[in-house]
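The file work.cif comes next; it holds mmCIF, C-alpha atoms and all ligand atoms.
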data_structure
#
loop_
_atom_site.label_atom_id
_atom_site.label_comp_id
_atom_site.auth_asym_id
_atom_site.auth_seq_id
_atom_site.Cartn_x
_atom_site.Cartn_y
_atom_site.Cartn_z
CA MET A 237 27.43 28.61 -77.72
CA ILE A 238 28.16 27.27 -81.19
CA GLY A 239 28.14 23.61 -80.41
CA ARG A 240 28.84 21.09 -77.78
CA VAL A 241 31.74 18.78 -77.52
CA ARG A 242 30.28 15.34 -77.42
CA GLY A 243 31.58 12.62 -75.19
CA ARG A 244 33.17 13.10 -71.85
CA ALA A 245 31.98 16.26 -70.19
CA THR A 246 34.54 16.37 -67.40
CA ASN A 247 38.31 16.50 -67.29
CA GLY A 248 38.51 12.96 -68.55
CA ALA A 249 37.73 11.23 -65.29
CA SER A 250 35.33 8.36 -65.75
CA PRO A 251 33.03 7.75 -62.77
CA GLU A 252 35.31 5.00 -61.42
CA ASP A 253 38.40 7.16 -61.64
CA ARG A 254 36.93 9.30 -58.91
CA PHE A 255 37.98 6.44 -56.60
CA ALA A 256 41.35 5.57 -58.15
CA ASP A 257 43.41 7.45 -55.56
CA ARG A 258 41.44 6.07 -52.63
CA ARG A 259 41.76 2.54 -54.05
CA ALA A 260 45.53 2.87 -54.40
CA GLU A 261 45.78 4.34 -50.91
CA MET A 262 43.68 1.51 -49.47
CA VAL A 263 46.02 -1.06 -51.00
CA HIS A 264 49.04 0.78 -49.67
CA ARG A 265 47.89 1.70 -46.14
CA GLN A 266 45.47 -1.03 -45.21
CA VAL A 267 46.92 -4.00 -47.06
CA ARG A 268 50.61 -3.65 -47.97
CA SER A 269 51.67 -1.83 -44.81
CA ARG A 270 50.05 -4.54 -42.72
CA GLY A 271 52.17 -7.25 -44.25
CA ILE A 272 50.32 -8.54 -47.32
CA ARG A 273 53.09 -8.91 -49.89
CA ASP A 274 51.76 -11.26 -52.59
CA PRO A 275 52.05 -9.00 -55.65
CA GLU A 276 49.13 -10.68 -57.38
CA VAL A 277 46.85 -10.08 -54.40
CA LEU A 278 47.92 -6.41 -54.24
CA ARG A 279 47.30 -6.05 -57.97
CA ALA A 280 43.88 -7.71 -57.76
CA MET A 281 42.79 -5.55 -54.82
CA GLY A 282 44.00 -2.48 -56.73
CA SER A 283 41.95 -3.44 -59.77
CA ILE A 284 38.48 -4.04 -58.30
CA PRO A 285 36.14 -1.06 -57.96
CA ARG A 286 34.98 -1.76 -54.39
CA GLU A 287 32.56 1.18 -54.57
CA ARG A 288 30.40 -0.91 -56.92
CA PHE A 289 29.96 -3.61 -54.26
CA VAL A 290 28.41 -1.40 -51.59
CA PRO A 291 24.97 0.28 -51.59
CA PRO A 292 25.19 3.50 -53.68
CA GLU A 293 24.71 5.74 -50.63
CA LEU A 294 27.84 4.19 -49.07
CA ALA A 295 30.06 4.53 -52.15
CA ASP A 296 32.06 7.30 -50.46
CA ARG A 297 32.92 4.94 -47.61
CA ALA A 298 33.79 1.96 -49.83
CA TYR A 299 37.53 2.32 -49.09
CA ASP A 300 37.14 2.82 -45.33
CA ASP A 301 39.22 0.55 -43.12
CA GLY A 302 36.36 -1.68 -41.97
CA ALA A 303 33.38 -3.81 -42.89
CA LEU A 304 30.25 -2.08 -44.27
CA GLY A 305 26.57 -3.04 -44.29
CA ILE A 306 25.30 -4.42 -47.60
CA GLY A 307 21.66 -5.05 -46.58
CA SER A 308 19.89 -8.14 -45.18
CA GLY A 309 21.94 -7.65 -41.97
CA GLN A 310 25.11 -8.72 -43.83
CA THR A 311 28.45 -7.03 -44.46
CA ILE A 312 31.17 -6.67 -47.06
CA SER A 313 34.39 -7.69 -45.27
CA GLN A 314 37.12 -5.20 -44.38
CA PRO A 315 39.63 -4.81 -47.26
CA TYR A 316 42.53 -6.05 -45.12
CA ILE A 317 40.66 -9.26 -44.21
CA VAL A 318 39.80 -9.94 -47.87
CA ALA A 319 43.49 -9.53 -48.73
CA ARG A 320 44.64 -11.69 -45.81
CA MET A 321 42.25 -14.52 -46.69
CA THR A 322 43.10 -14.33 -50.37
CA GLU A 323 46.84 -14.43 -49.70
CA ALA A 324 46.40 -17.33 -47.26
CA LEU A 325 44.59 -19.30 -49.96
CA GLY A 326 47.96 -19.67 -51.69
CA LEU A 327 46.74 -19.71 -55.29
CA ALA A 328 50.26 -18.93 -56.52
CA GLU A 329 51.47 -22.22 -54.98
CA TRP A 330 48.57 -24.06 -56.58
CA ALA A 331 49.28 -22.51 -59.99
CA ALA A 332 52.95 -23.46 -59.79
CA ALA A 333 51.97 -27.08 -59.16
CA HIS A 334 49.21 -27.10 -61.83
CA PRO A 335 50.51 -24.83 -64.59
CA VAL A 336 47.94 -25.62 -67.28
CA GLU A 337 44.80 -25.78 -65.16
CA THR A 338 42.56 -22.90 -64.17
CA ALA A 339 42.12 -22.98 -60.40
CA ARG A 340 38.47 -23.46 -59.43
CA VAL A 341 37.71 -21.68 -56.16
CA LEU A 342 34.60 -21.91 -53.98
CA ASP A 343 33.49 -18.66 -52.33
CA VAL A 344 31.13 -19.49 -49.44
CA GLY A 345 29.01 -16.52 -48.33
CA THR A 346 29.37 -14.54 -51.56
CA GLY A 347 27.47 -11.57 -50.11
CA SER A 348 28.27 -8.46 -52.15
CA GLY A 349 30.48 -10.45 -54.53
CA TYR A 350 33.60 -8.41 -53.70
CA GLN A 351 35.69 -11.37 -52.54
CA ALA A 352 34.56 -13.32 -55.61
CA ALA A 353 35.68 -10.43 -57.83
CA VAL A 354 39.12 -10.35 -56.20
CA LEU A 355 39.48 -14.11 -56.78
CA ALA A 356 38.34 -13.74 -60.40
CA ALA A 357 40.89 -10.95 -60.89
CA LEU A 358 43.54 -13.48 -59.82
CA GLY A 359 42.49 -15.64 -62.75
CA ALA A 360 40.51 -18.21 -60.77
CA GLU A 361 37.27 -19.78 -61.96
CA VAL A 362 35.00 -18.72 -59.11
CA VAL A 363 31.84 -20.43 -57.98
CA GLY A 364 29.92 -19.02 -55.04
CA VAL A 365 27.27 -20.17 -52.59
CA GLU A 366 25.11 -17.58 -50.84
CA ARG A 367 22.08 -18.35 -48.68
CA ASP A 368 20.35 -14.98 -49.22
CA GLU A 369 18.74 -14.93 -52.64
CA GLU A 370 18.56 -11.16 -52.90
CA LEU A 371 22.26 -10.72 -52.13
CA ALA A 372 23.10 -13.48 -54.63
CA THR A 373 21.08 -11.77 -57.37
CA ASP A 374 22.74 -8.41 -56.71
CA ALA A 375 26.20 -9.99 -56.64
CA LEU A 376 25.57 -11.73 -59.97
CA ARG A 377 24.48 -8.47 -61.56
CA ARG A 378 27.53 -6.56 -60.26
CA LEU A 379 29.98 -9.25 -61.31
CA GLY A 380 28.30 -9.52 -64.72
CA ALA A 381 28.59 -5.75 -65.22
CA LEU A 382 32.35 -6.10 -64.64
CA GLY A 383 32.48 -8.89 -67.21
CA MET A 384 33.16 -11.55 -64.61
CA ALA A 385 31.46 -14.89 -65.15
CA VAL A 386 30.88 -16.24 -61.64
CA ASP A 387 28.29 -18.95 -60.94
CA ILE A 388 26.37 -18.40 -57.72
CA HIS A 389 24.25 -21.10 -56.14
CA VAL A 390 21.61 -20.04 -53.60
CA GLY A 391 21.72 -22.46 -50.69
CA ASP A 392 23.61 -23.71 -47.65
CA GLY A 393 27.31 -23.19 -48.28
CA THR A 394 28.31 -25.38 -45.33
CA LEU A 395 27.52 -28.26 -47.70
CA GLY A 396 29.87 -26.82 -50.32
CA TRP A 397 29.02 -27.47 -53.96
CA PRO A 398 29.75 -31.19 -54.49
CA GLU A 399 28.92 -31.16 -58.22
CA ARG A 400 31.69 -28.60 -58.80
CA ALA A 401 34.27 -30.16 -56.46
CA PRO A 402 37.17 -30.66 -56.02
CA PHE A 403 38.36 -27.11 -55.44
CA ALA A 404 41.82 -25.56 -55.61
CA GLY A 405 40.74 -23.33 -52.75
CA ILE A 406 37.75 -22.48 -50.56
CA ILE A 407 37.13 -19.16 -48.81
CA VAL A 408 34.41 -18.93 -46.17
CA ALA A 409 33.38 -15.36 -45.31
CA ALA A 410 31.25 -16.23 -42.28
CA ALA A 411 32.07 -17.67 -38.86
CA ALA A 412 31.74 -21.42 -38.30
CA PRO A 413 31.78 -23.36 -35.00
CA GLU A 414 34.26 -25.72 -36.68
CA VAL A 415 35.55 -26.25 -40.21
CA PRO A 416 32.54 -27.72 -42.06
CA GLU A 417 33.30 -31.36 -42.86
CA PRO A 418 31.83 -31.30 -46.41
CA LEU A 419 34.17 -28.43 -47.31
CA LEU A 420 37.24 -30.39 -46.19
CA ALA A 421 36.02 -33.28 -48.33
CA GLN A 422 35.78 -31.00 -51.38
CA LEU A 423 39.39 -29.78 -51.21
CA ALA A 424 41.69 -31.07 -53.94
CA ASP A 425 45.04 -32.49 -52.90
CA GLY A 426 47.29 -29.54 -52.03
CA ALA A 427 44.34 -27.15 -51.82
CA ARG A 428 43.56 -24.87 -48.88
CA ILE A 429 40.49 -23.62 -47.09
CA VAL A 430 40.50 -20.31 -45.22
CA VAL A 431 37.71 -19.97 -42.66
CA PRO A 432 36.97 -18.11 -39.42
CA VAL A 433 36.33 -20.66 -36.64
CA GLY A 434 35.02 -19.92 -33.16
CA THR A 435 31.92 -18.62 -31.41
CA ARG A 436 29.28 -16.29 -32.81
CA GLN A 437 31.09 -13.39 -31.10
CA HIS A 438 34.74 -13.97 -31.99
CA GLN A 439 36.82 -16.29 -34.06
CA GLU A 440 40.27 -17.28 -35.17
CA LEU A 441 41.04 -17.15 -38.88
CA MET A 442 42.22 -20.65 -39.84
CA MET A 443 43.91 -22.11 -42.88
CA VAL A 444 43.70 -25.85 -43.48
CA ARG A 445 45.68 -27.47 -46.30
CA ARG A 446 44.98 -30.93 -47.61
CA ALA A 447 48.11 -33.04 -48.19
CA GLY A 448 46.77 -36.40 -49.34
CA SER A 449 44.73 -37.77 -46.47
CA ARG A 450 46.46 -35.41 -43.98
CA LEU A 451 45.13 -31.99 -43.03
CA GLU A 452 47.65 -29.30 -42.00
CA GLU A 453 46.19 -26.56 -39.84
CA GLN A 454 47.45 -23.05 -39.29
CA HIS A 455 46.01 -20.34 -37.04
CA LEU A 456 46.26 -16.97 -38.75
CA GLU A 457 44.76 -14.29 -36.51
CA PRO A 458 41.74 -13.33 -34.39
CA CYS A 459 38.77 -11.94 -36.30
CA VAL A 460 35.04 -11.20 -36.17
CA PHE A 461 32.62 -12.34 -38.87
CA VAL A 462 28.85 -12.69 -39.19
CA PRO A 463 27.75 -16.27 -38.43
CA LEU A 464 27.66 -19.03 -41.02
CA ILE A 465 24.09 -20.29 -40.72
CA GLY A 466 23.53 -23.84 -41.88
CA ARG A 467 23.74 -27.56 -41.30
CA PHE A 468 27.50 -27.53 -40.52
CA GLY A 469 27.41 -23.97 -39.19
CA PHE A 470 25.36 -22.21 -36.51
CA PRO A 471 21.60 -22.66 -36.13
CA GLU A 472 19.44 -19.77 -37.31
CA GLY A 473 18.46 -17.11 -34.75
N1 LIG A 501 32.34 -12.38 -49.20
C1 LIG A 501 31.35 -11.38 -48.88
C2 LIG A 501 31.12 -11.25 -47.39
C3 LIG A 501 29.66 -11.39 -47.05
S1 LIG A 501 29.29 -11.57 -45.34
C4 LIG A 501 31.73 -10.07 -49.53
O1 LIG A 501 32.82 -9.96 -50.09
O2 LIG A 501 30.91 -9.17 -49.52
C5 LIG A 501 28.93 -13.30 -45.22
C6 LIG A 501 27.83 -13.84 -46.09
O3 LIG A 501 27.63 -15.20 -45.73
C7 LIG A 501 26.46 -13.18 -45.95
O4 LIG A 501 26.08 -12.69 -47.19
C8 LIG A 501 25.54 -14.32 -45.50
O5 LIG A 501 24.24 -14.24 -46.07
C9 LIG A 501 26.29 -15.52 -45.99
N2 LIG A 501 25.99 -16.80 -45.34
C10 LIG A 501 25.79 -17.09 -44.03
N3 LIG A 501 25.59 -18.41 -43.85
C11 LIG A 501 25.68 -18.98 -45.09
C12 LIG A 501 25.58 -20.32 -45.58
N4 LIG A 501 25.36 -21.37 -44.78
N5 LIG A 501 25.73 -20.54 -46.89
C13 LIG A 501 25.94 -19.50 -47.74
N6 LIG A 501 26.05 -18.23 -47.35
C14 LIG A 501 25.93 -17.97 -46.03
#

Just give me the structure of the file as structure tokens.
Ligand code: SAH
Amino acid sequence: MIGRVRGRATNGASPEDRFADRRAEMVHRQVRSRGIRDPEVLRAMGSIPRERFVPPELADRAYDDGALGIGSGQTISQPYIVARMTEALGLAEWAAAHPVETARVLDVGTGSGYQAAVLAALGAEVVGVERDEELATDALRRLGALGMAVDIHVGDGTLGWPERAPFAGIIVAAAAPEVPEPLLAQLADGARIVVPVGTRQHQELMMVRRAGSRLEEQHLEPCVFVPLIGRFGFPEG
């Protein structure tokens, strides 16, 4: 051998590209075919390397049609559910009504950070609350590596993040016995919260929109999430 070609050793595929086909297929089969049509949501889901949000040994299953364990007994939500919740948040409607503002969105139960990344890819300013410090630290590192500046507060997300309120949207990725009151109080006028409400075993995905002092409720679909543990959630244990 006379010399070596420096740089990329393979056929040009960067490590992420290994997943490009699976990512596109996930968006098509699991998201679009099931009725999610918001082009921005489809684009955002197609742009986030989900394999980076799961433990390395599960990277090959990152685009499976289900939730996956991320450690500490927690999960990264199924891609379809992330898409459904993101679409139901209605950020396009918010942006149309507030053309010069960046939408600030609260992500309760940040977990792996995947949902936060999808929201950031939509152009939102994302702030997260996660009760598990280790998950929060990992999520911050992953989001930082993707160049996404997301603030994550370690604490009880059922209390929201009053210092950063009001929010253009709130997504709760864990099941609550009812919509936590402090979160409703932190919704801006015209903003929506998307949250699974029910028992520890099964829930209904709900969307609540604030219209002045009125709250408009919509039931979206049945779902199963890990419990939201906190003052306005379920008790621990
Ligand atoms: N959005 C996450 C899903 C994580 S699962 C993702 O995309 O990966 C739900 C998360 O909610 C878990 O990480 C759990 O630790 C967290 N959680 C449960 N109760 C909470 C509370 N009261 N405040 C903040 N986070 C909470």

| message | Taking only C-alpha atoms and all ligand atoms and a cut-off of 7 Å, can you tell me which residues surround ligand LIG 501 (chain A), written as a PyMOL selection string? | response | chain A and resi 310-313+344-352+365-368+371+391-394+409-410+462-466+469

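The coordinates place atom CA of Leu441 of chain A at 5.3 Å from atom CA of Glu457 of chain A.
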
| Pick from A:Arg467, A:Arg400, A:Arg378, A:His264 nearest to Val290 of chain A, counting all atoms listed in the file | A:Arg378

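Between Ala339 of chain A and the candidates A:Gly405, A:Pro315, A:Gly473, A:Pro275, the tightest atom-to-atom separation, counting all atoms listed in the file, involves A:Gly405.
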
| Leu294 of chain A: which residues within 12 Å, counting only C-alpha atoms, same-chain residues fewer than 3 positions away excluded, as a ChimeraX atom specification? | /A:286-291,297-300,303-307,312

Grab the residues selected above and save them as an mmCIF file, in the coordinates of the input with C-alpha atoms.
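To be explicit, this is the file written out as again_12.cif:
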data_model
loop_
_atom_site.group_PDB
_atom_site.id
_atom_site.type_symbol
_atom_site.label_atom_id
_atom_site.label_comp_id
_atom_site.auth_asym_id
_atom_site.auth_seq_id
_atom_site.Cartn_x
_atom_site.Cartn_y
_atom_site.Cartn_z
ATOM 1 C CA ARG A 286 34.980 -1.760 -54.390
ATOM 2 C CA GLU A 287 32.560 1.180 -54.570
ATOM 3 C CA ARG A 288 30.400 -0.910 -56.920
ATOM 4 C CA PHE A 289 29.960 -3.610 -54.260
ATOM 5 C CA VAL A 290 28.410 -1.400 -51.590
ATOM 6 C CA PRO A 291 24.970 0.280 -51.590
ATOM 7 C CA ARG A 297 32.920 4.940 -47.610
ATOM 8 C CA ALA A 298 33.790 1.960 -49.830
ATOM 9 C CA TYR A 299 37.530 2.320 -49.090
ATOM 10 C CA ASP A 300 37.140 2.820 -45.330
ATOM 11 C CA ALA A 303 33.380 -3.810 -42.890
ATOM 12 C CA LEU A 304 30.250 -2.080 -44.270
ATOM 13 C CA GLY A 305 26.570 -3.040 -44.290
ATOM 14 C CA ILE A 306 25.300 -4.420 -47.600
ATOM 15 C CA GLY A 307 21.660 -5.050 -46.580
ATOM 16 C CA ILE A 312 31.170 -6.670 -47.060
#

| Which distance in Å separates atom CA of Ile406 of chain A and atom CA of Arg428 of chain A, to one decimal? |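 Spanning atom CA of Ile406 of chain A to atom CA of Arg428 of chain A is a straight-line distance of 6.5 Å.
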
| query | So how far away is atom CA of Gly380 of chain A from atom CA of Glu337 of chain A, in Å? | reply |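 Computing the Euclidean distance for atom CA of Glu337 of chain A and atom CA of Gly380 of chain A yields 23.2 Å.
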
| Spatial neighbours of Ile407 of chain A, 6 Å, all atoms listed in the file, chain gap at least 2 places, as a PyMOL selection string | chain A and resi 343+429-430

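Minimum atom-to-atom distance to Leu419 of chain A, evaluated using all atoms listed in the file, belongs to A:Leu342 out of A:Leu342, A:Ala331, A:Ala375, A:Met281.
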
| query | Looking at all atoms listed in the file, which of A:Ile388, A:Val408, A:Leu376, A:Ile284 is the one that sits closest to Thr322 of chain A? | reply |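 When distances to Thr322 of chain A are compared using all atoms listed in the file, the smallest one comes from A:Val408.
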
| From A:Ile272, A:Ala412, A:Leu327, A:Ala333, residue lying nearest His438 of chain A [only C-alpha atoms] |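 For His438 of chain A, the nearest of the candidates is A:Ala412.
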
Complete the atoms of segment 383-414 of chain A to N, CA and C atoms and put them out as a short mmCIF file (atom, residue, chain, number, x, y, z; two decimals), in the coordinates of the input.
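Generated output (selection03.cif):
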data_model
loop_
_atom_site.label_atom_id
_atom_site.label_comp_id
_atom_site.auth_asym_id
_atom_site.auth_seq_id
_atom_site.Cartn_x
_atom_site.Cartn_y
_atom_site.Cartn_z
N GLY A 383 32.04 -7.88 -66.24
CA GLY A 383 32.48 -8.89 -67.21
C GLY A 383 33.04 -10.13 -66.56
N MET A 384 32.64 -10.38 -65.31
CA MET A 384 33.16 -11.55 -64.61
C MET A 384 32.09 -12.63 -64.56
N ALA A 385 32.41 -13.78 -65.13
CA ALA A 385 31.46 -14.89 -65.15
C ALA A 385 31.65 -15.73 -63.90
N VAL A 386 30.82 -15.48 -62.90
CA VAL A 386 30.88 -16.24 -61.64
C VAL A 386 29.54 -16.94 -61.49
N ASP A 387 29.55 -18.24 -61.20
CA ASP A 387 28.29 -18.95 -60.94
C ASP A 387 27.98 -18.85 -59.46
N ILE A 388 26.76 -18.48 -59.14
CA ILE A 388 26.37 -18.40 -57.72
C ILE A 388 25.16 -19.30 -57.48
N HIS A 389 25.32 -20.18 -56.50
CA HIS A 389 24.25 -21.10 -56.14
C HIS A 389 23.62 -20.55 -54.85
N VAL A 390 22.29 -20.50 -54.82
CA VAL A 390 21.61 -20.04 -53.60
C VAL A 390 21.33 -21.27 -52.74
N GLY A 391 21.92 -21.29 -51.55
CA GLY A 391 21.72 -22.46 -50.69
C GLY A 391 22.65 -22.43 -49.50
N ASP A 392 22.79 -23.58 -48.85
CA ASP A 392 23.61 -23.71 -47.65
C ASP A 392 25.06 -24.04 -48.04
N GLY A 393 25.90 -23.03 -47.90
CA GLY A 393 27.31 -23.19 -48.28
C GLY A 393 28.10 -24.10 -47.36
N THR A 394 27.55 -24.46 -46.19
CA THR A 394 28.31 -25.38 -45.33
C THR A 394 28.38 -26.77 -45.97
N LEU A 395 27.51 -26.98 -46.97
CA LEU A 395 27.52 -28.26 -47.70
C LEU A 395 28.45 -28.19 -48.91
N GLY A 396 29.03 -27.01 -49.15
CA GLY A 396 29.87 -26.82 -50.32
C GLY A 396 29.06 -26.88 -51.60
N TRP A 397 29.70 -27.31 -52.67
CA TRP A 397 29.02 -27.47 -53.96
C TRP A 397 29.61 -28.74 -54.58
N PRO A 398 29.12 -29.92 -54.13
CA PRO A 398 29.75 -31.19 -54.49
C PRO A 398 29.88 -31.41 -56.00
N GLU A 399 28.88 -30.94 -56.76
CA GLU A 399 28.92 -31.16 -58.22
C GLU A 399 30.09 -30.42 -58.87
N ARG A 400 30.57 -29.37 -58.22
CA ARG A 400 31.69 -28.60 -58.80
C ARG A 400 33.03 -28.95 -58.18
N ALA A 401 33.03 -29.80 -57.16
CA ALA A 401 34.27 -30.16 -56.46
C ALA A 401 35.10 -31.09 -57.35
N PRO A 402 36.40 -31.26 -57.11
CA PRO A 402 37.17 -30.66 -56.02
C PRO A 402 37.63 -29.23 -56.34
N PHE A 403 37.95 -28.50 -55.28
CA PHE A 403 38.36 -27.11 -55.44
C PHE A 403 39.84 -26.91 -55.15
N ALA A 404 40.42 -25.94 -55.84
CA ALA A 404 41.82 -25.56 -55.61
C ALA A 404 41.92 -24.65 -54.39
N GLY A 405 40.77 -24.17 -53.93
CA GLY A 405 40.74 -23.33 -52.75
C GLY A 405 39.30 -23.05 -52.36
N ILE A 406 39.09 -22.85 -51.06
CA ILE A 406 37.75 -22.48 -50.56
C ILE A 406 37.91 -21.34 -49.57
N ILE A 407 37.14 -20.27 -49.77
CA ILE A 407 37.13 -19.16 -48.81
C ILE A 407 35.74 -19.09 -48.19
N VAL A 408 35.69 -19.03 -46.87
CA VAL A 408 34.41 -18.93 -46.17
C VAL A 408 34.38 -17.57 -45.47
N ALA A 409 33.41 -16.72 -45.84
CA ALA A 409 33.38 -15.36 -45.31
C ALA A 409 32.40 -15.21 -44.16
N ALA A 410 32.14 -16.29 -43.45
CA ALA A 410 31.25 -16.23 -42.28
C ALA A 410 31.78 -17.22 -41.25
N ALA A 411 31.47 -16.93 -39.96
CA ALA A 411 32.07 -17.67 -38.86
C ALA A 411 31.42 -19.03 -38.63
N ALA A 412 32.24 -20.06 -38.51
CA ALA A 412 31.74 -21.42 -38.30
C ALA A 412 32.20 -21.93 -36.93
N PRO A 413 31.37 -22.79 -36.28
CA PRO A 413 31.78 -23.36 -35.00
C PRO A 413 32.98 -24.30 -35.17
N GLU A 414 33.06 -24.97 -36.30
CA GLU A 414 34.26 -25.72 -36.68
C GLU A 414 34.32 -25.77 -38.21
#
